[in-house]
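Undergrad: Just one file: model.pdb, with PDB, C-alpha atoms.
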ATOM      1  CA  MET A   1       0.000   0.000   0.000  1.00  0.00           C
ATOM      2  CA  ALA A   2       2.704   2.458   0.976  1.00  0.00           C
ATOM      3  CA  THR A   3       4.718   1.752  -2.165  1.00  0.00           C
ATOM      4  CA  THR A   4       1.696   2.164  -4.437  1.00  0.00           C
ATOM      5  CA  ALA A   5       0.662   5.397  -2.735  1.00  0.00           C
ATOM      6  CA  GLY A   6       4.197   6.756  -3.037  1.00  0.00           C
ATOM      7  CA  LEU A   7       4.436   5.841  -6.702  1.00  0.00           C
ATOM      8  CA  LEU A   8       1.060   7.379  -7.526  1.00  0.00           C
ATOM      9  CA  LEU A   9       1.521  10.568  -5.491  1.00  0.00           C
ATOM     10  CA  PRO A  10       2.951  12.715  -8.326  1.00  0.00           C
ATOM     11  CA  SER A  11       0.262  11.566 -10.781  1.00  0.00           C
ATOM     12  CA  VAL A  12      -2.589  12.097  -8.328  1.00  0.00           C
ATOM     13  CA  ALA A  13      -1.260  15.511  -7.350  1.00  0.00           C
ATOM     14  CA  ALA A  14      -1.042  16.506 -11.023  1.00  0.00           C
ATOM     15  CA  MET A  15      -4.656  15.479 -11.587  1.00  0.00           C
ATOM     16  CA  GLY A  16      -5.863  18.157  -9.171  1.00  0.00           C
ATOM     17  CA  LEU A  17      -8.647  16.034  -7.698  1.00  0.00           C
ATOM     18  CA  ASP A  18     -10.945  17.167  -4.917  1.00  0.00           C
ATOM     19  CA  THR A  19     -10.697  15.589  -1.467  1.00  0.00           C
ATOM     20  CA  VAL A  20     -13.508  13.082  -2.075  1.00  0.00           C
ATOM     21  CA  HIS A  21     -11.924  11.631  -5.201  1.00  0.00           C
ATOM     22  CA  THR A  22      -8.486  11.621  -3.594  1.00  0.00           C
ATOM     23  CA  ALA A  23      -9.947   9.668  -0.668  1.00  0.00           C
ATOM     24  CA  LEU A  24     -11.598   7.229  -3.082  1.00  0.00           C
ATOM     25  CA  LEU A  25      -8.226   6.642  -4.741  1.00  0.00           C
ATOM     26  CA  ALA A  26      -6.738   5.891  -1.315  1.00  0.00           C
ATOM     27  CA  VAL A  27      -9.578   3.439  -0.621  1.00  0.00           C
ATOM     28  CA  ALA A  28      -8.990   1.752  -3.992  1.00  0.00           C
ATOM     29  CA  ILE A  29      -5.303   1.351  -3.137  1.00  0.00           C
ATOM     30  CA  GLY A  30      -6.297  -0.237   0.168  1.00  0.00           C
ATOM     31  CA  TYR A  31      -8.641  -2.689  -1.527  1.00  0.00           C
ATOM     32  CA  GLY A  32      -5.931  -3.532  -4.034  1.00  0.00           C
ATOM     33  CA  ALA A  33      -3.574  -4.410  -1.197  1.00  0.00           C
ATOM     34  CA  LEU A  34      -6.195  -6.661   0.358  1.00  0.00           C
ATOM     35  CA  GLY A  35      -6.326  -9.215  -2.449  1.00  0.00           C
ATOM     36  CA  LEU A  36      -4.282 -12.415  -2.724  1.00  0.00           C
ATOM     37  CA  SER A  37      -3.346 -12.582   0.958  1.00  0.00           C
ATOM     38  CA  HIS A  38      -0.867 -15.411   1.516  1.00  0.00           C
ATOM     39  CA  VAL A  39       1.969 -16.531   3.803  1.00  0.00           C
ATOM     40  CA  ASN A  40       4.014 -13.322   3.628  1.00  0.00           C
ATOM     41  CA  ASP A  41       1.025 -11.268   4.842  1.00  0.00           C
ATOM     42  CA  SER A  42       0.706 -10.724   8.592  1.00  0.00           C
ATOM     43  CA  GLY A  43      -3.111 -10.682   8.293  1.00  0.00           C
ATOM     44  CA  PHE A  44      -2.976 -14.211   6.916  1.00  0.00           C
ATOM     45  CA  TRP A  45      -1.121 -15.420   9.993  1.00  0.00           C
ATOM     46  CA  VAL A  46      -3.367 -13.577  12.433  1.00  0.00           C
ATOM     47  CA  VAL A  47      -6.489 -15.142  10.933  1.00  0.00           C
ATOM     48  CA  THR A  48      -5.112 -18.651  10.477  1.00  0.00           C
ATOM     49  CA  ARG A  49      -3.677 -18.828  13.996  1.00  0.00           C
ATOM     50  CA  TYR A  50      -6.731 -17.241  15.625  1.00  0.00           C
ATOM     51  CA  LEU A  51      -9.071 -19.652  13.861  1.00  0.00           C
ATOM     52  CA  GLY A  52      -6.740 -22.637  14.296  1.00  0.00           C
ATOM     53  CA  LEU A  53      -6.343 -23.220  10.563  1.00  0.00           C
ATOM     54  CA  SER A  54      -3.423 -24.978   8.939  1.00  0.00           C
ATOM     55  CA  VAL A  55      -1.453 -23.140   6.281  1.00  0.00           C
ATOM     56  CA  LYS A  56      -3.147 -25.234   3.604  1.00  0.00           C
ATOM     57  CA  ASP A  57      -6.620 -24.442   4.961  1.00  0.00           C
ATOM     58  CA  GLY A  58      -5.710 -20.768   5.264  1.00  0.00           C
ATOM     59  CA  LEU A  59      -4.607 -20.668   1.647  1.00  0.00           C
ATOM     60  CA  ARG A  60      -7.821 -22.413   0.591  1.00  0.00           C
ATOM     61  CA  THR A  61     -10.134 -20.111   2.545  1.00  0.00           C
ATOM     62  CA  TRP A  62      -8.527 -16.812   3.532  1.00  0.00           C
ATOM     63  CA  THR A  63      -6.750 -16.090   0.244  1.00  0.00           C
ATOM     64  CA  PRO A  64      -9.877 -16.448  -1.959  1.00  0.00           C
ATOM     65  CA  LEU A  65     -11.935 -14.497   0.583  1.00  0.00           C
ATOM     66  CA  THR A  66      -9.547 -11.537   0.614  1.00  0.00           C
ATOM     67  CA  THR A  67      -9.362 -11.628  -3.164  1.00  0.00           C
ATOM     68  CA  VAL A  68     -13.156 -11.474  -3.489  1.00  0.00           C
ATOM     69  CA  LEU A  69     -13.312  -8.681  -0.897  1.00  0.00           C
ATOM     70  CA  GLY A  70     -10.568  -6.753  -2.687  1.00  0.00           C
ATOM     71  CA  VAL A  71     -12.233  -7.006  -6.095  1.00  0.00           C
ATOM     72  CA  ALA A  72     -15.709  -6.197  -4.719  1.00  0.00           C
ATOM     73  CA  GLY A  73     -14.382  -3.228  -2.755  1.00  0.00           C
ATOM     74  CA  PHE A  74     -12.488  -1.929  -5.754  1.00  0.00           C
ATOM     75  CA  ALA A  75     -15.607  -2.261  -7.929  1.00  0.00           C
ATOM     76  CA  LEU A  76     -17.701  -0.371  -5.375  1.00  0.00           C
ATOM     77  CA  THR A  77     -15.045   2.338  -5.158  1.00  0.00           C
ATOM     78  CA  TRP A  78     -14.950   2.576  -8.947  1.00  0.00           C
ATOM     79  CA  VAL A  79     -18.733   3.008  -9.100  1.00  0.00           C
ATOM     80  CA  LEU A  80     -18.622   5.724  -6.436  1.00  0.00           C
ATOM     81  CA  TYR A  81     -15.750   7.479  -8.191  1.00  0.00           C
ATOM     82  CA  ALA A  82     -17.708   7.531 -11.447  1.00  0.00           C
ATOM     83  CA  ALA A  83     -21.013   8.516  -9.804  1.00  0.00           C
ATOM     84  CA  ILE A  84     -19.745  11.464  -7.748  1.00  0.00           C
ATOM     85  CA  PRO A  85     -19.148  14.539  -9.889  1.00  0.00           C
ATOM     86  CA  VAL A  86     -15.697  16.105  -9.683  1.00  0.00           C
ATOM     87  CA  ALA A  87     -15.867  19.442  -7.905  1.00  0.00           C
TER      88      ALA A  87
END
Show me the file's structure as structure tokens.
TA:
Amino acid sequence: MATTAGLLLPSVAAMGLDTVHTALLAVAIGYGALGLSHVNDSGFWVVTRYLGLSVKDGLRTWTPLTTVLGVAGFALTWVLYAAIPVA
């Protein structure tokens, strides 16, 4: 997330967006970071250990779930971005 935000900062600043659309871009970056959670993600380990899942079960359940949540959240953000007029 931090790397993506840093890389996009000059482009977003040059676009001159209002605060709502800038916030929506930040939310989209967050949803993008959510997808494909696997063993090098601390959230993966928190969930698998808390729920008592094996690594295999975590990869079968948590990774697809975060991917679906990431894609759905990004789609919702995209719809909001398109629906709200730029000020």
Undergrad: Neighbouring residues of region 51-68 of chain A were defined as those with any atom within 9 Å, considering only C-alpha atoms; residues of the same chain fewer than 2 positions away were excluded. Please report them as a PDB file with C-alpha atoms, in the frame of the given file.
TA:
ATOM      1  CA  GLY A  32      -5.931  -3.532  -4.034  1.00  0.00           C
ATOM      2  CA  LEU A  34      -6.195  -6.661   0.358  1.00  0.00           C
ATOM      3  CA  GLY A  35      -6.326  -9.215  -2.449  1.00  0.00           C
ATOM      4  CA  LEU A  36      -4.282 -12.415  -2.724  1.00  0.00           C
ATOM      5  CA  SER A  37      -3.346 -12.582   0.958  1.00  0.00           C
ATOM      6  CA  HIS A  38      -0.867 -15.411   1.516  1.00  0.00           C
ATOM      7  CA  VAL A  39       1.969 -16.531   3.803  1.00  0.00           C
ATOM      8  CA  PHE A  44      -2.976 -14.211   6.916  1.00  0.00           C
ATOM      9  CA  TRP A  45      -1.121 -15.420   9.993  1.00  0.00           C
ATOM     10  CA  VAL A  46      -3.367 -13.577  12.433  1.00  0.00           C
ATOM     11  CA  VAL A  47      -6.489 -15.142  10.933  1.00  0.00           C
ATOM     12  CA  THR A  48      -5.112 -18.651  10.477  1.00  0.00           C
ATOM     13  CA  ARG A  49      -3.677 -18.828  13.996  1.00  0.00           C
ATOM     14  CA  GLY A  70     -10.568  -6.753  -2.687  1.00  0.00           C
ATOM     15  CA  VAL A  71     -12.233  -7.006  -6.095  1.00  0.00           C
ATOM     16  CA  ALA A  72     -15.709  -6.197  -4.719  1.00  0.00           C
ATOM     17  CA  GLY A  73     -14.382  -3.228  -2.755  1.00  0.00           C
TER      18      GLY A  73
END
Undergrad: Which one of A:Tyr50, A:Tyr81, A:Tyr31, A:Phe74 sits closest to Thr19 (chain A) if you count all atoms listed in the file?
TA: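 Ranked by minimum distance to Thr19 (chain A), first place goes to A:Tyr81.
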Undergrad: Run through the PyMOL selection byres ((chain A and resi 27) around 12) on the given coordinates and return the selected residues as a compact mmCIF listing (two decimals) with C-alpha atoms, in the frame of the given file.
TA:
# COMPACT_ATOMS: atom_id res chain seq x y z
CA MET A 1 0.00 0.00 0.00
CA THR A 4 1.70 2.16 -4.44
CA ALA A 5 0.66 5.40 -2.74
CA VAL A 20 -13.51 13.08 -2.08
CA HIS A 21 -11.92 11.63 -5.20
CA THR A 22 -8.49 11.62 -3.59
CA ALA A 23 -9.95 9.67 -0.67
CA LEU A 24 -11.60 7.23 -3.08
CA LEU A 25 -8.23 6.64 -4.74
CA ALA A 26 -6.74 5.89 -1.32
CA ALA A 28 -8.99 1.75 -3.99
CA ILE A 29 -5.30 1.35 -3.14
CA GLY A 30 -6.30 -0.24 0.17
CA TYR A 31 -8.64 -2.69 -1.53
CA GLY A 32 -5.93 -3.53 -4.03
CA ALA A 33 -3.57 -4.41 -1.20
CA LEU A 34 -6.20 -6.66 0.36
CA GLY A 70 -10.57 -6.75 -2.69
CA GLY A 73 -14.38 -3.23 -2.76
CA PHE A 74 -12.49 -1.93 -5.75
CA ALA A 75 -15.61 -2.26 -7.93
CA LEU A 76 -17.70 -0.37 -5.38
CA THR A 77 -15.04 2.34 -5.16
CA TRP A 78 -14.95 2.58 -8.95
CA LEU A 80 -18.62 5.72 -6.44
CA TYR A 81 -15.75 7.48 -8.19
Undergrad: In Å, how far is it from CA of Val12 (chain A) to CA of Ala87 (chain A)?
TA: 15.2 Å
Undergrad: Just to confirm, what's the straight-line distance from CA of Ile84 (chain A) to CA of Asp18 (chain A) in Å (one decimal)?
TA: 10.9 Å
Undergrad: Could you work out how far CA of Asn40 (chain A) lies from CA of Leu7 (chain A), giving the answer in Å with one decimal?
TA: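 Separation between CA of Leu7 (chain A) and CA of Asn40 (chain A): 21.8 Å.
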Undergrad: Kindly provide, as JSON, the centre and edge lengths (Å, one decimal) of an axis-aligned box around all atoms of region 22-34 of chain A given in the file, with 8 Å on each side.
TA:
{"center_x": -7.6, "center_y": 2.5, "center_z": -2.2, "size_x": 24.0, "size_y": 34.3, "size_z": 21.1}
